[in-house]
Amino acid sequence: MTAGNRLANTIRLIEGPQTLGRGKAFWSIFALVILAACLYPLFADGYDVGNNVYFFNWVFMALGLSLIWGYGGSLSFGQTAFFGVASYTYGVISINFGDAYGLTLFALLGSVGLAALFAAVLGYFLFFGRISGVFLGIVTLSVTLVLERFMAQTAGPDWRIGSARLNGFNGMGGMPSLTIPWFGGDIVLFPDVPLYYVTLGLLVVVYLALRILVNSRFGNVLVAIRENPQRAEMLGYDIRMYQLAAFVIGSALAGLSGVLYTSWGNYITPSSMGMTAAALPIVWVAVGGRADLTTTLLGTLLVLAGFQALTIHGSQYALVVMGFLLVLTVLLAPTGLIYGLAAFVLKQVRRARGIREGV
Amino acid sequence: MINFLYDLFSFVYQAGDAFAFLVLSACGLAVIFGMMGVINLAHGEFILCGAYVCSWCTRSGMPLPLSILVAAVVAGAVGMLIERVIIRPLYDRPLDTIVATWGVSMIATQGTLILLGSTMPGTGTPFGSFMVGPYSYSIYRLVLMAAAAATLAILWLAFTKTHFGILARATIQVPHMAKALGVNTSVVYSLTFGLGAALAGLAGGLYAPTMTLVPTMGSAFVVEAFVTVVIGGADVFLGTAPAAAILGIVKAGLTSWQGQLAGQIGMLIAVIIVIRILPRGISGWILRERA
């Protein structure tokens, strides 16, 4: 097989049995959405553009959780732990080394790498200890809660790494934004149009790459493990390795969210790893439909926008509404609201086609 | 020599205190998990409910023991209500119950904040203190240790000696067989969940006089409760009690060596390492050794 052939085969995996949405109709809509997203900054003011970047930042963590929980069936309720580790690491590296020569990009890679390493170590103990189901959920949740408590007590001048003060409960601030070294002056990615395009581009790349991943052999095995771990094991797959790999990839994405968020707001607090922060990704992913990347993405953006609107209009009730949304989704549409709707529509379309073609 | 004895007493007291905290915060969670396979993520909020009810009762003039009892009963009643509305439709999807109860937890925490404000006046710890050598100790902490031991003893009696206990264990072992023999299993599940919630309320009531009452106080208990249940496994008596004893010693040792937070972190790390070795917890290991 030539390299070109192999590439073509890989790209073909962009649609397959593990993802909703295929064919001309889906990709036409996809192209239109991307086009609209690209044109959006021309018509919106700077604040709204920055706000959209804020929404995009979270989607990476949601997609990672979709991979771990939706495709792999492992309940990882502590994704915020990796978000937090990467956020603080980004803060520490970028404050110490500054933002010249594109060093913030090094900070980005280092932070995501450290989050992935942390996930690999934790995941080794969990998956190779054959922890699954609810225990996995409560151990990962405990990890993020303990990290929150740890960071909350790092107040005072003793808690510093190089010149970066951790600042305890008040959180760490003053880290530089991501910068891209460019001819004739670095591009500083403030929450504005350039950052919007960079984040959007990253999002599209991650989304498409994950589509390829879940439709590949790896993704198929992962789904097989979710459906029946014992059967997958009897077929000769080392399910621990697959679960660990999915966990590390998903956690690295949570770390990417953390870096982007910290760079976006130049600020990170321990409460980003707390109980509420840990619950929100679960809501986004569960409401949209965790077993599919597209519904996760749409659900996350919708719930985030709804949450923000609620926060503006009736600030304190927003979390109560999120709680109800989660309970109702689990009770009434366990696969997720958008996923359920999409599956229903696809079924109708196929049935109509089947009748027309006389199948 | 005498100083060594003072330090030894101090260590035993701290380990006992940690043991009491772990047993009381975990046994409600462990009963529900062990009997029904459901992890109740709203566990912390049942503790919160117990603490608030107890504190409110005490301040309106009720004696403390009665307030604690009322707290347990109220939390138990709320638990049975939630079991009926939310948990029951999910029995065949145990992994979804954890997500649904998380939703309940969010509603309860934020709802408490909206309705009752960001803090609630406490009542102060009763009974004062006593001295052993150079250190002073709270008498109420000894009451808590006794309460933890009494709770374990009463639970053991309830599950082995009463009619409810026998029906509950039968339902847990082979649900459809129990049903075929005429046990109303849905009532058993409802009572079991209520019992777990009442135990959480009891923990909240017992600890209410020692803590600041805030809507997020439940999360001060849940990590300890989670790790105890994870390391203990599915059986309350063979798992939770020994797990709490071991973790209590680990926590007390690390706390007196490096402070409160080291105790918590050390406990979590101990748990992550132990589950690598004993995936089914201490009770799973004991049962396998026995079999």
# chains A, B, ... in the order shown; residues from 1 in each chain; ligands from 1

$ interface_residues --of "chain B" --to "chain A" --cutoff "7 Å" --atoms "only C-alpha atoms" --output "list in words"
Ile39, Leu95, Asp96, Ala100, Gly103, Val104, Met106, Ile107, Gln110, Gly111, Ile114, Val223, Phe226, Val230, Leu261, Ile265, Ile272, Ile273, Ile275, Arg276, Ile277 and Pro279 of chain B

$ select_by_dssp --residues "segment 151-210 of chain A" --states "alpha helix (DSSP H)" --output "ChimeraX atom specification"
/A:151-152,193-210

$ write_last_selection --atoms "N, CA and C atoms" --output "compact mmCIF listing (two decimals), in the first residue's frame"
# COMPACT_ATOMS: atom_id res chain seq x y z
N MET A 151 -5.05 22.93 46.05
CA MET A 151 -4.72 24.23 45.46
C MET A 151 -5.31 25.36 46.30
N ALA A 152 -6.46 25.10 46.96
CA ALA A 152 -7.11 26.17 47.73
C ALA A 152 -6.28 26.58 48.93
N VAL A 193 -10.47 38.44 17.51
CA VAL A 193 -10.64 37.73 16.25
C VAL A 193 -9.54 36.69 15.96
N PRO A 194 -8.25 37.04 16.10
CA PRO A 194 -7.24 36.01 15.79
C PRO A 194 -7.38 34.76 16.65
N LEU A 195 -7.61 34.95 17.95
CA LEU A 195 -7.78 33.80 18.83
C LEU A 195 -9.01 32.99 18.42
N TYR A 196 -10.04 33.70 17.97
CA TYR A 196 -11.26 33.03 17.52
C TYR A 196 -10.93 32.06 16.39
N TYR A 197 -10.16 32.56 15.39
CA TYR A 197 -9.86 31.68 14.26
C TYR A 197 -8.94 30.54 14.66
N VAL A 198 -7.98 30.81 15.53
CA VAL A 198 -7.08 29.74 15.96
C VAL A 198 -7.87 28.66 16.70
N THR A 199 -8.73 29.09 17.64
CA THR A 199 -9.49 28.11 18.42
C THR A 199 -10.45 27.34 17.52
N LEU A 200 -11.10 28.06 16.61
CA LEU A 200 -12.03 27.40 15.70
C LEU A 200 -11.30 26.35 14.86
N GLY A 201 -10.11 26.74 14.34
CA GLY A 201 -9.34 25.82 13.53
C GLY A 201 -8.95 24.58 14.32
N LEU A 202 -8.51 24.82 15.55
CA LEU A 202 -8.11 23.71 16.42
C LEU A 202 -9.30 22.78 16.68
N LEU A 203 -10.45 23.40 16.88
CA LEU A 203 -11.66 22.64 17.18
C LEU A 203 -12.04 21.74 16.00
N VAL A 204 -11.98 22.31 14.79
CA VAL A 204 -12.33 21.54 13.61
C VAL A 204 -11.36 20.38 13.45
N VAL A 205 -10.06 20.66 13.63
CA VAL A 205 -9.05 19.61 13.48
C VAL A 205 -9.29 18.49 14.51
N VAL A 206 -9.51 18.88 15.78
CA VAL A 206 -9.71 17.88 16.83
C VAL A 206 -10.97 17.06 16.56
N TYR A 207 -12.02 17.76 16.14
CA TYR A 207 -13.28 17.07 15.86
C TYR A 207 -13.11 16.04 14.75
N LEU A 208 -12.48 16.46 13.65
CA LEU A 208 -12.31 15.54 12.53
C LEU A 208 -11.36 14.40 12.89
N ALA A 209 -10.29 14.73 13.64
CA ALA A 209 -9.34 13.69 14.04
C ALA A 209 -10.02 12.67 14.94
N LEU A 210 -10.87 13.14 15.84
CA LEU A 210 -11.57 12.21 16.73
C LEU A 210 -12.55 11.35 15.93

$ closest_residue --among "B:Leu199, B:Leu64, B:Leu81, B:Ala234" --to "Thr125 of chain B" --atoms "only C-alpha atoms"
B:Leu64

$ residues_around --residues "Leu41 of chain B" --least-positions-apart "3" --cutoff "6 Å" --atoms "only C-alpha atoms" --output "PyMOL selection string"
chain B and resi 98+101-102

$ write_last_selection --atoms "N, CA and C atoms" --output "compact mmCIF listing (two decimals), in the first residue's frame"
# COMPACT_ATOMS: atom_id res chain seq x y z
N ILE B 98 -25.91 7.10 39.14
CA ILE B 98 -24.86 7.97 39.67
C ILE B 98 -24.96 9.35 39.03
N THR B 101 -28.23 11.10 40.42
CA THR B 101 -28.08 11.61 41.78
C THR B 101 -27.13 12.80 41.82
N TRP B 102 -26.24 12.89 40.82
CA TRP B 102 -25.39 14.07 40.75
C TRP B 102 -26.24 15.31 40.45

$ residues_around --residues "segment 259-265 of chain A" --least-positions-apart "5" --cutoff "6 Å" --atoms "only C-alpha atoms" --output "list in words"
Asn57, Ala86, Ser87, Ser177, Leu178 and Pro191 of chain A

$ write_last_selection --atoms "C-alpha atoms" --output "compact mmCIF listing (two decimals), in the first residue's frame"
# COMPACT_ATOMS: atom_id res chain seq x y z
CA ASN A 57 -12.58 26.35 24.91
CA ALA A 86 -2.83 21.79 32.69
CA SER A 87 -4.14 25.24 33.64
CA SER A 177 -1.84 34.84 26.60
CA LEU A 178 -0.76 32.39 23.93
CA PRO A 191 -9.78 37.05 23.28

$ closest_residue --among "A:Ala164, A:Leu65, A:Ala107, A:Leu35" --to "Ile95 of chain A" --atoms "only C-alpha atoms"
A:Ala164

$ residues_around --residues "Pro126 of chain B" --least-positions-apart "2" --cutoff "12 Å" --atoms "only C-alpha atoms" --output "ChimeraX atom specification"
/B:58,63-65,122-124,128-129,138-144,206-210

$ write_last_selection --atoms "N, CA and C atoms" --output "PDB file, in the first residue's frame"
ATOM      1  N   THR B  58     -32.044  22.349  67.222  1.00  0.00           N
ATOM      2  CA  THR B  58     -31.346  22.712  68.458  1.00  0.00           C
ATOM      3  C   THR B  58     -31.594  24.171  68.807  1.00  0.00           C
ATOM      4  N   PRO B  63     -33.531  19.409  72.712  1.00  0.00           N
ATOM      5  CA  PRO B  63     -32.245  18.870  73.162  1.00  0.00           C
ATOM      6  C   PRO B  63     -31.487  18.224  71.998  1.00  0.00           C
ATOM      7  N   LEU B  64     -30.149  18.258  72.058  1.00  0.00           N
ATOM      8  CA  LEU B  64     -29.328  17.827  70.920  1.00  0.00           C
ATOM      9  C   LEU B  64     -29.599  16.387  70.468  1.00  0.00           C
ATOM     10  N   PRO B  65     -29.663  15.409  71.386  1.00  0.00           N
ATOM     11  CA  PRO B  65     -29.875  14.036  70.908  1.00  0.00           C
ATOM     12  C   PRO B  65     -31.161  13.896  70.104  1.00  0.00           C
ATOM     13  N   GLY B 122     -24.504  28.170  63.520  1.00  0.00           N
ATOM     14  CA  GLY B 122     -24.303  26.872  64.144  1.00  0.00           C
ATOM     15  C   GLY B 122     -24.716  26.897  65.603  1.00  0.00           C
ATOM     16  N   THR B 123     -24.375  25.837  66.314  1.00  0.00           N
ATOM     17  CA  THR B 123     -24.831  25.762  67.697  1.00  0.00           C
ATOM     18  C   THR B 123     -23.688  25.666  68.701  1.00  0.00           C
ATOM     19  N   GLY B 124     -22.479  25.463  68.243  1.00  0.00           N
ATOM     20  CA  GLY B 124     -21.373  25.325  69.191  1.00  0.00           C
ATOM     21  C   GLY B 124     -21.266  23.899  69.688  1.00  0.00           C
ATOM     22  N   GLY B 128     -17.660  20.628  76.337  1.00  0.00           N
ATOM     23  CA  GLY B 128     -16.343  21.118  76.754  1.00  0.00           C
ATOM     24  C   GLY B 128     -15.227  20.128  76.492  1.00  0.00           C
ATOM     25  N   SER B 129     -14.165  20.201  77.304  1.00  0.00           N
ATOM     26  CA  SER B 129     -12.982  19.416  76.988  1.00  0.00           C
ATOM     27  C   SER B 129     -12.359  18.808  78.245  1.00  0.00           C
ATOM     28  N   SER B 138     -11.558  17.364  73.042  1.00  0.00           N
ATOM     29  CA  SER B 138     -12.992  17.617  73.117  1.00  0.00           C
ATOM     30  C   SER B 138     -13.721  16.354  73.565  1.00  0.00           C
ATOM     31  N   ILE B 139     -14.619  16.502  74.522  1.00  0.00           N
ATOM     32  CA  ILE B 139     -15.396  15.340  74.981  1.00  0.00           C
ATOM     33  C   ILE B 139     -16.378  14.901  73.897  1.00  0.00           C
ATOM     34  N   TYR B 140     -16.895  15.897  73.144  1.00  0.00           N
ATOM     35  CA  TYR B 140     -17.897  15.548  72.128  1.00  0.00           C
ATOM     36  C   TYR B 140     -17.324  14.596  71.088  1.00  0.00           C
ATOM     37  N   ARG B 141     -15.989  14.716  70.818  1.00  0.00           N
ATOM     38  CA  ARG B 141     -15.357  13.810  69.853  1.00  0.00           C
ATOM     39  C   ARG B 141     -15.433  12.362  70.353  1.00  0.00           C
ATOM     40  N   LEU B 142     -15.338  12.186  71.686  1.00  0.00           N
ATOM     41  CA  LEU B 142     -15.475  10.831  72.234  1.00  0.00           C
ATOM     42  C   LEU B 142     -16.895  10.328  72.011  1.00  0.00           C
ATOM     43  N   VAL B 143     -17.875  11.250  72.160  1.00  0.00           N
ATOM     44  CA  VAL B 143     -19.262  10.870  71.897  1.00  0.00           C
ATOM     45  C   VAL B 143     -19.405  10.410  70.453  1.00  0.00           C
ATOM     46  N   LEU B 144     -18.726  11.126  69.533  1.00  0.00           N
ATOM     47  CA  LEU B 144     -18.818  10.753  68.116  1.00  0.00           C
ATOM     48  C   LEU B 144     -18.230   9.367  67.883  1.00  0.00           C
ATOM     49  N   LEU B 206     -24.858  14.626  63.741  1.00  0.00           N
ATOM     50  CA  LEU B 206     -23.809  14.449  64.748  1.00  0.00           C
ATOM     51  C   LEU B 206     -22.691  15.464  64.576  1.00  0.00           C
ATOM     52  N   TYR B 207     -22.360  15.770  63.298  1.00  0.00           N
ATOM     53  CA  TYR B 207     -21.241  16.681  63.074  1.00  0.00           C
ATOM     54  C   TYR B 207     -21.665  18.144  63.011  1.00  0.00           C
ATOM     55  N   ALA B 208     -22.991  18.389  62.973  1.00  0.00           N
ATOM     56  CA  ALA B 208     -23.459  19.779  62.858  1.00  0.00           C
ATOM     57  C   ALA B 208     -22.872  20.683  63.941  1.00  0.00           C
ATOM     58  N   PRO B 209     -22.812  20.242  65.225  1.00  0.00           N
ATOM     59  CA  PRO B 209     -22.286  21.167  66.234  1.00  0.00           C
ATOM     60  C   PRO B 209     -20.787  21.451  66.094  1.00  0.00           C
ATOM     61  N   THR B 210     -20.085  20.675  65.276  1.00  0.00           N
ATOM     62  CA  THR B 210     -18.632  20.867  65.200  1.00  0.00           C
ATOM     63  C   THR B 210     -18.206  21.611  63.937  1.00  0.00           C
TER      64      THR B 210
END

$ atom_distance --atom1 "atom CA of Gly23 of chain A" --atom2 "atom CA of Gly72 of chain A"
25.4 Å

$ select_by_dssp --residues "segment 16-205 of chain B" --states "strand (DSSP E)" --output "list in words"
Ser129, Phe130, Met131, Val132, Tyr135, Ser136, Tyr137 and Ser138 of chain B

$ residues_around --residues "segment 170-187 of chain B" --least-positions-apart "2" --cutoff "9 Å" --atoms "only C-alpha atoms" --output "list in words"
Gly34, Met35, Met36, Arg88, Gly165, Ile166, Leu167, Ala168, Tyr189, Ser190, Leu191 and Thr192 of chain B

$ atom_distance --atom1 "atom CA of Gly289 of chain A" --atom2 "atom CA of Ile29 of chain A"
19.4 Å

$ closest_residue --among "A:Ala37, A:Ile239, A:Val49, A:Ile180" --to "Phe106 of chain A" --atoms "only C-alpha atoms"
A:Ile180

$ atom_distance --atom1 "atom CA of Gly284 of chain B" --atom2 "atom CA of Gln264 of chain B"
24.1 Å

$ residues_around --residues "Glu224 of chain B" --least-positions-apart "3" --cutoff "9 Å" --atoms "only C-alpha atoms" --output "MDAnalysis selection string"
(chainID A and resid 142) or (chainID B and resid 21:22 25:26 220:221 227:229 264 267:268)

$ closest_residue --among "B:Ile32, B:Thr162, B:Gly37, B:Ala148" --to "Tyr91 of chain B" --atoms "only C-alpha atoms"
B:Gly37

$ closest_residue --among "A:Gly250, A:Gly173, A:Gly102, A:Gly288" --to "Met61 of chain A" --atoms "only C-alpha atoms"
A:Gly250
